[in-house]
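Asks: File model-v2.cif below, mmCIF, C-alpha atoms:
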data_start
loop_
_atom_site.label_atom_id
_atom_site.label_comp_id
_atom_site.auth_asym_id
_atom_site.auth_seq_id
_atom_site.Cartn_x
_atom_site.Cartn_y
_atom_site.Cartn_z
CA MET K 1 -27.79 -22.24 16.79
CA SER K 2 -24.46 -20.83 15.78
CA THR K 3 -22.22 -19.06 18.24
CA THR K 4 -20.40 -16.04 16.90
CA ASN K 5 -17.78 -13.73 18.26
CA ASN K 6 -17.74 -10.17 16.98
CA ASN K 7 -14.99 -7.82 18.16
CA VAL K 8 -13.08 -4.85 16.89
CA LYS K 9 -9.31 -4.78 17.37
CA LYS K 10 -6.90 -1.97 16.60
CA TYR K 11 -3.27 -2.36 15.62
CA ARG K 12 -1.70 0.98 16.45
CA LYS K 13 1.42 2.36 14.83
CA PRO K 14 2.69 5.93 15.00
CA ILE K 15 2.05 6.66 11.32
CA ARG K 16 -1.27 5.03 10.52
CA ASP K 17 -4.04 3.10 12.27
CA VAL K 18 -5.83 0.07 10.89
CA GLU K 19 -9.15 -1.07 12.33
CA VAL K 20 -9.81 -4.80 12.05
CA ASP K 21 -13.41 -5.95 12.25
CA TYR K 22 -13.73 -9.73 12.44
CA ASN K 23 -16.48 -12.26 12.97
CA ILE K 24 -15.89 -15.97 13.71
CA ASP K 25 -18.64 -18.53 13.24
CA HIS K 26 -17.64 -21.11 15.84
CA SER K 27 -20.19 -23.66 14.65
CA LYS K 28 -18.31 -23.90 11.37
CA CYS K 29 -14.96 -23.68 13.12
CA GLU K 30 -15.67 -26.76 15.26
CA ALA K 31 -15.88 -28.93 12.17
CA CYS K 32 -12.27 -28.13 11.28
CA GLU K 33 -9.61 -30.42 12.75
CA GLN K 34 -6.46 -29.07 11.12
CA LYS K 35 -7.02 -25.37 11.99
CA PRO K 36 -4.82 -24.00 9.14
CA CYS K 37 -5.65 -20.46 10.27
CA LEU K 38 -3.34 -20.89 13.28
CA LEU K 39 -0.38 -21.60 11.04
CA SER K 40 -1.21 -18.88 8.51
CA CYS K 41 -0.90 -15.87 10.84
CA PRO K 42 2.51 -14.16 10.40
CA VAL K 43 2.31 -12.34 13.76
CA ASN K 44 0.76 -15.11 15.91
CA ALA K 45 -2.34 -13.03 16.52
CA ILE K 46 -4.74 -15.97 16.26
CA HIS K 47 -4.97 -18.71 18.88
CA ASN K 48 -7.28 -21.01 20.84
CA ASN K 49 -8.86 -19.48 23.96
CA ASP K 50 -9.70 -21.29 27.22
CA ASN K 51 -12.90 -22.66 25.62
CA ASP K 52 -10.87 -24.13 22.73
CA GLN K 53 -12.33 -21.56 20.36
CA ILE K 54 -10.43 -19.52 17.77
CA GLU K 55 -9.76 -15.96 18.90
CA ILE K 56 -7.88 -13.02 17.35
CA ASP K 57 -5.93 -10.63 19.58
CA ASP K 58 -4.53 -7.10 19.40
CA LYS K 59 -1.47 -8.09 17.38
CA CYS K 60 -3.64 -8.58 14.27
CA VAL K 61 -2.48 -6.45 11.32
CA GLY K 62 -5.52 -7.19 9.17
CA CYS K 63 -3.63 -9.13 6.48
CA VAL K 64 -6.65 -11.54 6.09
CA LEU K 65 -4.37 -14.57 5.61
CA CYS K 66 -6.32 -16.47 8.28
CA ARG K 67 -9.57 -15.75 6.47
CA ASN K 68 -8.09 -17.03 3.22
CA ALA K 69 -6.72 -20.17 4.90
CA CYS K 70 -10.02 -21.12 6.53
CA PRO K 71 -11.54 -24.06 4.58
CA TYR K 72 -15.03 -23.53 6.07
CA ASP K 73 -15.35 -19.77 5.50
CA ALA K 74 -15.77 -19.36 9.25
CA ILE K 75 -13.72 -16.16 9.53
CA GLN K 76 -15.12 -12.93 8.17
CA MET K 77 -12.72 -9.98 8.31
CA GLU K 78 -12.67 -6.42 7.05
CA THR K 79 -9.99 -3.76 7.55
CA THR K 80 -10.49 0.00 7.60
CA LEU K 81 -7.45 2.25 7.21
CA SER K 82 -7.19 5.72 8.65
CA GLU K 83 -5.65 8.48 6.59
CA PRO K 84 -1.84 8.42 6.91
CA ILE K 85 -0.17 11.08 9.01
CA ARG K 86 2.26 12.87 6.72
CA GLU K 87 5.32 14.85 7.55
CA ASN K 88 4.74 18.57 7.37
CA VAL K 89 6.07 20.18 4.21
CA PRO K 90 9.68 21.22 4.92
CA ASN K 91 10.01 24.79 6.13
CA ILE K 92 12.60 27.02 4.43
CA ASN K 93 14.29 29.81 6.41
CA LYS K 94 14.63 32.54 3.80
CA LYS K 95 17.34 34.34 5.77
CA LEU K 96 19.59 31.28 5.79
CA CYS K 97 18.93 30.34 2.13
CA ARG K 98 21.93 31.09 -0.10
CA GLN K 99 20.18 30.43 -3.42
CA CYS K 100 22.65 27.63 -4.25
CA GLY K 101 19.98 25.48 -5.90
CA ALA K 102 21.06 22.25 -4.18
CA CYS K 103 17.51 21.58 -2.97
CA VAL K 104 16.08 22.32 -6.43
CA GLN K 105 18.37 19.71 -8.00
CA ALA K 106 17.72 17.16 -5.24
CA CYS K 107 13.90 17.31 -5.43
CA LYS K 108 12.64 14.23 -7.28
CA THR K 109 9.24 15.74 -8.07
CA GLY K 110 10.31 19.22 -9.18
CA SER K 111 8.44 20.73 -6.24
CA ILE K 112 11.15 23.29 -5.34
CA GLN K 113 12.11 26.36 -7.31
CA LEU K 114 14.04 29.57 -6.73
CA ILE K 115 11.85 32.67 -6.69
CA SER K 116 12.21 36.38 -6.02
CA SER K 117 9.34 38.77 -5.33
CA GLY K 118 11.42 41.94 -5.63
CA ASN K 119 10.84 42.86 -2.00
CA GLU K 120 13.17 40.16 -0.68
CA GLU K 121 16.20 38.22 -1.79
CA ALA K 122 15.80 35.16 -4.02
CA HIS K 123 15.09 31.99 -2.06
CA SER K 124 13.78 28.46 -2.50
CA GLU K 125 10.04 27.80 -2.25
CA ILE K 126 8.25 24.46 -2.01
CA ASN K 127 4.99 23.56 -3.76
CA ASP K 128 2.81 22.06 -1.00
CA ASP K 129 0.61 20.15 -3.45
CA THR K 130 3.37 18.17 -5.18
CA CYS K 131 5.85 17.74 -2.29
CA VAL K 132 6.05 14.10 -1.14
CA ARG K 133 7.80 15.00 2.15
CA CYS K 134 10.75 12.73 1.53
CA GLY K 135 13.26 15.05 3.18
CA TYR K 136 15.96 14.98 0.50
CA CYS K 137 16.01 18.77 0.29
CA ALA K 138 16.80 19.06 4.01
CA ARG K 139 19.66 16.58 3.70
CA VAL K 140 21.42 18.39 0.85
CA CYS K 141 21.00 21.96 2.12
CA PRO K 142 24.53 23.19 3.02
CA THR K 143 23.31 25.97 5.34
CA GLU K 144 20.60 23.97 7.19
CA ALA K 145 18.03 26.47 5.97
CA ILE K 146 15.43 23.73 5.54
CA LYS K 147 13.75 22.35 8.67
CA TYR K 148 12.27 18.90 8.32
CA GLY K 149 11.63 15.78 10.38
CA GLU K 150 8.76 15.81 12.86
CA ILE K 151 8.14 12.11 12.23
CA LEU K 152 11.09 10.86 10.21
CA PRO K 153 14.70 10.81 11.43
CA ARG K 154 17.01 13.33 9.77
CA SER K 155 19.93 10.96 9.31
CA VAL K 156 19.93 7.98 6.97
CA VAL K 157 22.20 5.02 6.34
CA GLY K 158 24.66 6.14 3.69
CA GLY K 159 25.04 4.07 0.55
CA LYS K 160 22.11 1.76 1.35
CA ALA K 161 18.53 1.45 0.20
CA ILE K 162 15.46 -0.36 1.51
CA VAL K 163 13.93 -3.08 -0.66
CA VAL K 164 11.02 -5.55 -0.51
CA ASP K 165 11.99 -9.18 -0.97
CA GLN K 166 8.94 -10.26 -2.97
CA LYS K 167 9.71 -13.95 -2.42
CA ASN K 168 9.12 -13.52 1.32
CA CYS K 169 6.40 -10.85 1.03
CA ILE K 170 2.95 -12.14 2.07
CA GLY K 171 1.05 -9.27 0.44
CA CYS K 172 -0.48 -7.93 3.66
CA MET K 173 0.20 -4.32 2.51
CA THR K 174 1.11 -3.22 6.05
CA CYS K 175 4.10 -1.32 4.63
CA THR K 176 1.85 0.76 2.37
CA ARG K 177 -0.17 1.83 5.43
CA VAL K 178 2.74 3.25 7.40
CA CYS K 179 4.93 4.83 4.70
CA PRO K 180 4.94 8.63 5.10
CA SER K 181 6.63 9.32 1.76
CA ARG K 182 4.00 9.44 -0.95
CA GLY K 183 5.25 7.51 -3.98
CA ALA K 184 7.91 5.47 -2.16
CA ILE K 185 5.95 2.21 -1.96
CA ASN K 186 3.92 1.11 -4.95
CA VAL K 187 1.90 -2.03 -5.60
CA GLY K 188 2.67 -3.85 -8.85
CA GLU K 189 -0.10 -4.46 -11.34
CA VAL K 190 1.69 -7.63 -12.42
CA SER K 191 2.84 -9.17 -9.13
CA LYS K 192 0.16 -7.55 -6.90
CA LEU K 193 2.95 -7.09 -4.32
CA PRO K 194 4.52 -3.88 -2.97
CA PHE K 195 7.86 -2.58 -4.22
CA ILE K 196 9.93 0.44 -3.19
CA ASN K 197 11.11 3.30 -5.39
CA PRO K 198 14.58 4.13 -3.97
CA SER K 199 14.35 7.68 -5.32
CA TYR K 200 11.43 8.55 -3.04
CA CYS K 201 12.21 6.36 -0.04
CA ALA K 202 13.26 8.42 3.00
CA ARG K 203 14.64 5.29 4.74
CA CYS K 204 12.69 5.99 7.91
CA GLU K 205 12.43 2.20 8.49
CA GLU K 206 8.74 2.37 9.43
CA CYS K 207 7.89 -0.29 6.83
CA MET K 208 10.76 -2.45 8.03
CA ASN K 209 9.61 -2.22 11.64
CA VAL K 210 6.04 -3.34 10.93
CA CYS K 211 6.62 -5.98 8.24
CA PRO K 212 5.27 -9.24 9.73
CA SER K 213 7.28 -11.48 7.41
CA ALA K 214 10.65 -9.66 7.65
CA ALA K 215 10.54 -9.19 3.86
CA ILE K 216 11.81 -5.60 3.99
CA LYS K 217 15.52 -5.07 4.46
CA TYR K 218 18.52 -2.97 3.49
CA SER K 219 20.36 -3.60 0.24
CA SER K 220 23.00 -1.83 -1.83
CA ARG K 221 21.62 1.12 -3.78
CA LYS K 222 22.92 -0.36 -7.03
CA ARG K 223 21.01 -3.61 -6.47
CA ALA K 224 17.92 -1.73 -5.26
CA PHE K 225 17.77 0.46 -8.37
CA LYS K 226 18.39 -2.55 -10.62
CA ASN K 227 15.50 -4.49 -9.03
CA PHE K 228 13.25 -1.43 -9.14
CA SER K 229 14.09 -0.88 -12.83
CA LYS K 230 13.26 -4.53 -13.60
CA ILE K 231 9.90 -4.36 -11.83
CA LYS K 232 8.97 -1.06 -13.48
CA THR K 233 9.96 -2.43 -16.88
CA MET K 234 7.66 -5.43 -16.40
CA GLU K 235 4.88 -3.02 -15.42
CA ILE K 236 5.48 -1.05 -18.62
CA VAL K 237 5.60 -4.22 -20.73
CA SER K 238 2.32 -5.36 -19.18
CA GLU K 239 0.77 -1.94 -19.79
CA LEU K 240 1.86 -1.95 -23.42
CA MET K 241 0.46 -5.44 -23.90
CA GLU K 242 -2.86 -4.37 -22.39
CA LYS K 243 -3.00 -1.42 -24.76
CA GLU K 244 -2.24 -3.69 -27.69
CA ALA K 245 -5.11 -5.97 -26.69
CA GLY K 246 -7.45 -3.01 -26.96
CA LYS K 247 -6.61 0.20 -28.73
CA LEU K 248 -2.91 0.54 -29.46
CA SER K 249 -1.31 3.76 -28.29
CA THR K 250 0.65 5.82 -30.80
CA GLU K 251 3.89 5.11 -28.98
CA THR K 252 3.36 1.35 -29.00
CA VAL K 253 2.54 1.37 -32.70
CA ARG K 254 5.66 3.35 -33.50
CA ILE K 255 7.90 1.06 -31.45
CA ASN K 256 6.39 -1.98 -33.15
CA ASN K 257 6.83 -0.37 -36.55
CA ILE K 258 10.49 0.35 -35.84
CA LEU K 259 11.16 -3.24 -34.78
CA GLU K 260 9.22 -4.54 -37.79
CA SER K 261 11.20 -2.27 -40.11
CA ILE K 262 14.54 -3.36 -38.64
CA ALA K 263 13.56 -7.03 -38.88
CA THR K 264 12.48 -6.60 -42.51
CA ASP K 265 15.55 -4.61 -43.59
CA VAL K 266 18.03 -6.96 -41.90
CA GLY K 267 16.18 -10.06 -43.10
CA LEU K 268 16.20 -8.92 -46.73
CA LYS K 269 19.96 -8.45 -46.62
CA HIS K 270 20.45 -12.14 -45.86
CA THR K 271 19.55 -15.04 -48.13
CA GLU K 272 21.16 -17.73 -46.01
CA PRO K 273 18.89 -19.98 -43.89
CA TRP K 274 20.70 -19.02 -40.68
CA PHE K 275 22.35 -15.79 -39.54
CA LYS K 276 22.89 -13.66 -36.43
CA GLU K 277 23.44 -9.89 -36.62
CA ASP K 278 24.02 -7.27 -33.91
CA VAL K 279 21.22 -4.66 -34.21
CA THR K 280 21.70 -2.89 -30.85
CA GLU K 281 22.56 0.51 -32.32
CA LEU K 282 19.82 0.28 -34.97
CA ILE K 283 17.19 -0.22 -32.27
CA LYS K 284 18.59 2.46 -29.96
CA ASP K 285 18.77 5.02 -32.78
CA GLY K 286 15.27 4.20 -33.95
CA ILE K 287 13.59 4.43 -30.56
CA LYS K 288 15.63 7.17 -28.89
CA GLU K 289 13.58 10.04 -30.32
CA ILE K 290 10.10 8.68 -29.53
CA ILE K 291 10.75 6.93 -26.25
CA SER K 292 8.38 7.63 -23.36
CA SER K 293 9.68 9.68 -20.46
CA LYS K 294 9.14 6.72 -18.15
CA LEU K 295 10.82 4.17 -20.43
CA GLU K 296 14.61 4.39 -20.33
CA ILE K 297 16.60 3.26 -23.36
CA GLU K 298 18.30 0.47 -21.38
CA ASP K 299 14.86 -0.95 -20.60
CA MET K 300 14.55 -1.95 -24.25
CA GLU K 301 16.31 -5.22 -23.40
CA GLU K 302 13.27 -6.26 -21.33
CA ILE K 303 10.93 -5.14 -24.12
CA ILE K 304 12.92 -7.15 -26.66
CA ASP K 305 12.67 -10.28 -24.50
CA ALA K 306 8.88 -9.91 -24.61
CA THR K 307 8.63 -9.61 -28.39
CA THR K 308 7.03 -12.40 -30.41
CA PRO K 309 9.20 -14.34 -32.90
CA LYS K 310 8.11 -14.52 -36.52
CA ARG K 311 7.70 -18.02 -37.88
CA TYR K 312 7.28 -19.20 -41.43
CA ILE K 313 6.47 -22.69 -42.68
CA ASN K 314 6.62 -23.56 -46.37
CA VAL K 315 6.05 -26.70 -48.42
CA VAL K 316 8.54 -27.45 -51.20
CA ASP K 317 6.10 -28.89 -53.76
CA ASP K 318 8.84 -30.45 -55.87
CA ASN K 319 10.01 -32.54 -52.91
CA CYS K 320 6.60 -33.51 -51.47
CA ILE K 321 5.09 -36.81 -52.69
CA GLY K 322 1.86 -36.53 -50.69
CA CYS K 323 2.58 -39.56 -48.52
CA GLY K 324 0.53 -38.16 -45.62
CA GLU K 325 3.02 -39.01 -42.86
CA CYS K 326 3.05 -35.40 -41.67
CA ILE K 327 -0.76 -35.38 -41.54
CA ASN K 328 -0.82 -38.37 -39.21
CA ASP K 329 1.84 -36.85 -36.93
CA CYS K 330 0.49 -33.27 -36.67
CA PRO K 331 -0.68 -32.60 -33.06
CA VAL K 332 -3.13 -29.85 -34.09
CA ASP K 333 -4.50 -31.34 -37.34
CA CYS K 334 -3.50 -28.34 -39.45
CA ILE K 335 -2.22 -30.31 -42.49
CA GLU K 336 -4.39 -31.71 -45.24
CA LEU K 337 -3.96 -33.08 -48.75
CA GLU K 338 -4.74 -30.50 -51.43
CA ILE K 339 -4.75 -30.69 -55.20
CA PRO K 340 -2.78 -29.58 -57.22
CA SER K 341 -0.34 -29.00 -54.32
CA PRO K 342 0.44 -32.22 -52.42
CA ILE K 343 -0.31 -30.79 -48.94
CA HIS K 344 -1.59 -27.57 -47.40
CA ILE K 345 -0.73 -26.22 -43.90
CA ASP K 346 -3.34 -23.82 -42.52
CA ASP K 347 -3.12 -20.91 -40.05
CA THR K 348 -3.67 -23.07 -36.97
CA CYS K 349 -0.10 -24.39 -37.24
CA VAL K 350 1.86 -23.93 -33.98
CA PHE K 351 5.28 -24.47 -35.62
CA CYS K 352 6.26 -27.38 -33.37
CA GLY K 353 8.45 -28.92 -36.08
CA LYS K 354 7.07 -32.45 -35.88
CA CYS K 355 6.20 -32.43 -39.58
CA VAL K 356 9.73 -31.28 -40.40
CA ASP K 357 11.11 -34.11 -38.28
CA ILE K 358 9.03 -36.88 -39.87
CA CYS K 359 9.32 -35.79 -43.52
CA GLN K 360 11.88 -38.01 -45.28
CA PHE K 361 12.04 -35.78 -48.37
CA LYS K 362 12.87 -32.42 -46.73
CA ALA K 363 9.68 -31.00 -48.22
CA ILE K 364 8.75 -28.78 -45.23
CA LYS K 365 10.85 -25.76 -44.24
CA LEU K 366 10.28 -24.05 -40.87
CA VAL K 367 12.02 -20.69 -40.29
CA GLU K 368 12.10 -18.51 -37.16
CA GLU K 369 13.22 -14.87 -37.01
CA TYR K 370 13.52 -13.15 -33.64
CA PHE K 371 15.38 -10.63 -31.48
CA LYS K 372 17.51 -11.90 -28.61
CA VAL K 373 19.53 -10.19 -25.88
CA GLU K 374 23.00 -11.57 -25.20
CA ASN K 375 25.85 -9.92 -23.27
CA ASN K 376 24.08 -6.53 -23.21
CA LYS K 377 23.62 -6.58 -26.98
CA ILE K 378 20.51 -7.13 -29.09
CA PHE K 379 20.77 -9.56 -32.00
CA PHE K 380 18.42 -10.36 -34.86
CA ILE K 381 18.55 -14.10 -35.58
CA ARG K 382 17.19 -16.33 -38.32
CA ASP K 383 16.96 -20.04 -37.52
CA LEU K 384 16.07 -22.96 -39.76
CA LEU K 385 14.40 -25.64 -37.68
CA ARG K 386 15.64 -29.03 -38.80
CA GLY K 387 13.40 -31.20 -36.66
CA ALA K 388 10.92 -31.27 -33.82
CA ARG K 389 11.69 -28.67 -31.17
CA GLU K 390 12.94 -30.19 -27.92
CA GLY K 391 13.26 -28.67 -24.48
CA GLU K 392 11.41 -28.03 -21.26
CA ILE K 393 8.71 -25.59 -20.21
CA VAL K 394 9.64 -23.61 -17.07
CA TYR K 395 7.89 -20.71 -15.41
CA ASP K 396 8.61 -17.99 -12.86
CA VAL K 397 6.42 -18.70 -9.82
CA ASP K 398 6.79 -15.12 -8.55
CA ALA K 399 5.82 -13.49 -11.85
CA CYS K 400 2.97 -15.89 -12.74
CA MET K 401 -0.50 -14.45 -12.06
CA ALA K 402 -2.28 -17.81 -12.48
CA CYS K 403 -4.51 -16.18 -15.09
CA GLY K 404 -4.83 -19.43 -17.05
CA VAL K 405 -4.30 -17.85 -20.47
CA CYS K 406 -1.50 -20.29 -21.30
CA VAL K 407 -3.68 -23.23 -20.22
CA LYS K 408 -6.45 -22.17 -22.59
CA LYS K 409 -4.02 -21.50 -25.43
CA CYS K 410 -2.09 -24.79 -25.21
CA PRO K 411 -3.00 -26.75 -28.37
CA THR K 412 -2.29 -30.15 -26.82
CA ASN K 413 -3.74 -29.57 -23.31
CA ALA K 414 -0.29 -30.05 -21.81
CA LEU K 415 -0.81 -27.31 -19.20
CA ARG K 416 -3.19 -27.17 -16.27
CA LEU K 417 -3.68 -25.05 -13.15
CA GLU K 418 -3.48 -26.69 -9.75
CA LYS K 419 -3.74 -24.50 -6.65
CA ASP K 420 -2.81 -21.43 -8.71
CA GLU K 421 0.35 -23.09 -10.02
CA ILE K 422 1.11 -24.22 -13.57
CA VAL K 423 1.64 -27.95 -14.04
CA VAL K 424 3.23 -29.17 -17.28
CA ASP K 425 2.57 -32.60 -18.75
CA GLN K 426 5.87 -33.09 -20.57
CA ASP K 427 4.53 -36.14 -22.42
CA LYS K 428 1.80 -34.03 -24.08
CA CYS K 429 3.94 -30.91 -24.62
CA VAL K 430 5.13 -30.41 -28.22
CA HIS K 431 7.37 -27.44 -27.29
CA CYS K 432 5.58 -25.08 -29.65
CA ALA K 433 6.17 -22.11 -27.27
CA GLU K 434 2.61 -20.80 -27.77
CA CYS K 435 2.38 -20.41 -23.99
CA GLU K 436 5.53 -18.27 -23.95
CA ILE K 437 4.19 -16.05 -26.72
CA ILE K 438 0.75 -15.55 -25.14
CA CYS K 439 1.85 -14.99 -21.49
CA PRO K 440 0.99 -11.37 -20.56
CA VAL K 441 3.70 -11.15 -17.87
CA ASN K 442 6.47 -13.11 -19.61
CA ALA K 443 6.44 -15.69 -16.80
CA ILE K 444 6.60 -18.91 -18.82
CA LYS K 445 9.52 -19.92 -21.02
CA LEU K 446 10.59 -22.72 -23.33
CA LYS K 447 14.16 -23.72 -22.51
CA ALA K 448 15.09 -25.24 -25.84
CA ASP K 449 17.73 -27.97 -26.06
#
I need this file expressed as structure tokens, please.

Replies:
Amino acid sequence: MSTTNNNVKKYRKPIRDVEVDYNIDHSKCEACEQKPCLLSCPVNAIHNNDNDQIEIDDKCVGCVLCRNACPYDAIQMETTLSEPIRENVPNINKKLCRQCGACVQACKTGSIQLISSGNEEAHSEINDDTCVRCGYCARVCPTEAIKYGEILPRSVVGGKAIVVDQKNCIGCMTCTRVCPSRGAINVGEVSKLPFINPSYCARCEECMNVCPSAAIKYSSRKRAFKNFSKIKTMEIVSELMEKEAGKLSTETVRINNILESIATDVGLKHTEPWFKEDVTELIKDGIKEIISSKLEIEDMEEIIDATTPKRYINVVDDNCIGCGECINDCPVDCIELEIPSPIHIDDTCVFCGKCVDICQFKAIKLVEEYFKVENNKIFFIRDLLRGAREGEIVYDVDACMACGVCVKKCPTNALRLEKDEIVVDQDKCVHCAECEIICPVNAIKLKAD
């Protein structure tokens, strides 16, 4: 007969409460010798009691890491969050307001405007529904006409911003529970981890105080905005890719058409097998008028990095003698003898270059055309591959979602998933870069020699 322990613990913080309901099946727990749950807890809330049984105390933040670490599924845990306590909407003293408009300009959500009813002097008024209670209006008001700060401090650290170090973040989402500024902490669709928008963050330090892994810290505002821009760009890239997989949005189609047009026009100007041309201004001018309000023009560099190269492979019939060496060496069996042409390469070709490498008569031509970002400029490049592609497959552990798409796409079964991490068999890999092209989050790359 199994022995269970069912308790409810509360982890109280001034902004938001979380109720943790857990259930431990001790009969399963006794079979475990290593007790990985004890090592998994970031706040040391789980321990052995006097009866040598696992117990969870009041320090628990409900991050469920112990539940995930348990190899016997002995820990059942659910968390219930209370509604966050928000700052009151800032109060504006109409008599002190000098209609300078500083608060209107400072408001990140456009929630403040100057109004006049005719019966009183013009003054600022705040829209209760759209105000995120960040307090920026109170900080910029030169006459202290705006009262704010029942929960948050009124002073902030000048020149600094709060950021989440996603390498140390354990994904417990405690920061999202305590943040009083709506819109300051978001959870990425790509990384599934929280990140902070410096524009909305009131720097109250509540998230920093409760973070169990010390992943939240101060950084320079320049670095914070750069990291935020990079994360948001990846979110946008992922969103565009998702749209392309289904029904393409008008904006995505137009961006693709512009890039296609530039690639075609520049490519037709050049007859040489290799060239490199700066197309930065062409792309900026083409996209500037249609760009989304949330996609800044400088973000195009990230979009360019995620574009797919165009590859062409042709057989020079006059050079080919139909010896069949390329057929024997092709890793995906896409080449066959065909009359009257000596050989035919079908659509399953992955452009690895092995056939180019083995052909003694230079009968196979493999061309790549692609955009590349170098030194804050965007280039359009044409390359003529003269042999088998060499290099190494690397991937970003933080960006990888372990979705397995690259594993399924790999034509030579050189990739596999082990414990949600990509493992590359370099002996099987033909460096075709199909994994790089198919990755929805741009996490895997071919570092070509």

Asks: Run the PyMOL selection byres ((chain K and resi 322) around 10) against the file shown and list the residues it catches, as a list in words.

Replies: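 Against this file, the PyMOL selection byres ((chain K and resi 322) around 10) returns the residues Asp317, Asn319, Cys320, Ile321, Cys323, Gly324, Glu325, Cys326, Ile327, Glu336, Leu337, Glu338, Ile339, Ser341, Pro342, Ile343 and Ala363 of chain K.
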
Asks: Which of these, K:Asp333, K:Asp265, K:Asp165, K:Glu390, has the shortest distance to K:Cys211 once you count all atoms listed in the file?

Replies: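 So, comparing all the options, the nearest one is K:Asp165.
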
Asks: Care to translate the PyMOL selection byres ((chain K and resi 345) around 6) into actual residues of this file, as a PyMOL selection string?

Replies: chain K and resi 334-335+344+346

Asks: One number please: atom CA of K:Lys222 to atom CA of K:Asn376, in Å, one decimal.

Replies: 17.4 Å

Asks: Using all atoms listed in the file for the distances, tell me which of K:Gly387, K:Pro36, K:Pro90, K:Pro198 is nearest to K:Ser220.

Replies: K:Pro198

Asks: Return as a list of chain:residue names the set of residues that the PyMOL selection byres ((chain K and resi 52) around 12) yields on the displayed structure.

Replies: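 Applied to this file, the PyMOL selection byres ((chain K and resi 52) around 12) selects K:His26, K:Cys29, K:Glu30, K:Glu33, K:Lys35, K:His47, K:Asn48, K:Asn49, K:Asp50, K:Asn51, K:Gln53, K:Ile54, K:Glu55.
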
Asks: Could you pull the residues within 10 Å of stretch 408-414 of chain K, counting only C-alpha atoms, minus those fewer than 2 positions along the same chain, as a VMD selection string?

Replies: chain K and resid 331 to 332 348 to 350 403 to 406 416 423 to 435 437 to 439

Asks: Please save C-alpha atoms of the selected residues as a CSV table (one decimal), in the frame of the given file.

Replies:
chain,number,residue,atom,x,y,z
K,331,PRO,CA,-0.7,-32.6,-33.1
K,332,VAL,CA,-3.1,-29.8,-34.1
K,348,THR,CA,-3.7,-23.1,-37.0
K,349,CYS,CA,-0.1,-24.4,-37.2
K,350,VAL,CA,1.9,-23.9,-34.0
K,403,CYS,CA,-4.5,-16.2,-15.1
K,404,GLY,CA,-4.8,-19.4,-17.0
K,405,VAL,CA,-4.3,-17.8,-20.5
K,406,CYS,CA,-1.5,-20.3,-21.3
K,416,ARG,CA,-3.2,-27.2,-16.3
K,423,VAL,CA,1.6,-28.0,-14.0
K,424,VAL,CA,3.2,-29.2,-17.3
K,425,ASP,CA,2.6,-32.6,-18.8
K,426,GLN,CA,5.9,-33.1,-20.6
K,427,ASP,CA,4.5,-36.1,-22.4
K,428,LYS,CA,1.8,-34.0,-24.1
K,429,CYS,CA,3.9,-30.9,-24.6
K,430,VAL,CA,5.1,-30.4,-28.2
K,431,HIS,CA,7.4,-27.4,-27.3
K,432,CYS,CA,5.6,-25.1,-29.6
K,433,ALA,CA,6.2,-22.1,-27.3
K,434,GLU,CA,2.6,-20.8,-27.8
K,435,CYS,CA,2.4,-20.4,-24.0
K,437,ILE,CA,4.2,-16.0,-26.7
K,438,ILE,CA,0.8,-15.6,-25.1
K,439,CYS,CA,1.8,-15.0,-21.5

Asks: Smallest atom-to-atom distance to K:Ile313: which of K:Ala69, K:Ile364, K:Ala388, K:Val279, using all atoms listed in the file?

Replies: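 The closest residue to K:Ile313 is K:Ile364.
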
Asks: Mind giving me the straight-line distance from atom CA of K:Phe380 to atom CA of K:Phe275 in Å, one decimal?

Replies: 8.2 Å

Asks: May I ask which of the residues K:Ile92, K:Asp278, K:Asp420, K:Leu193 is the closest one to K:Ile170, counting only C-alpha atoms?

Replies: K:Leu193

Asks: Kindly indicate which residue among K:Ser27, K:Lys447, K:Cys66, K:Arg177 lies nearest to K:Asn44, using all atoms listed in the file for the distances.

Replies: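 Ranked by minimum distance to K:Asn44, first place goes to K:Cys66.
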
Asks: Rounded to one decimal in Å, what is the spacing between atom CA of K:Thr79 and atom CA of K:Thr174?

Replies: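 Interatomic distance here is 11.2 Å.
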
Asks: Of the candidates K:Cys175, K:Ala122, K:Leu385, K:Ile287, which shows the shortest atom-to-atom distance to K:Cys63, using only C-alpha atoms?

Replies: K:Cys175

Asks: Which residues come within 6 Å of K:Arg221, counting all atoms listed in the file, excluding same-chain residues fewer than 3 positions away, as a list in words?

Replies: Lys160, Ala161 and Ala224 of chain K
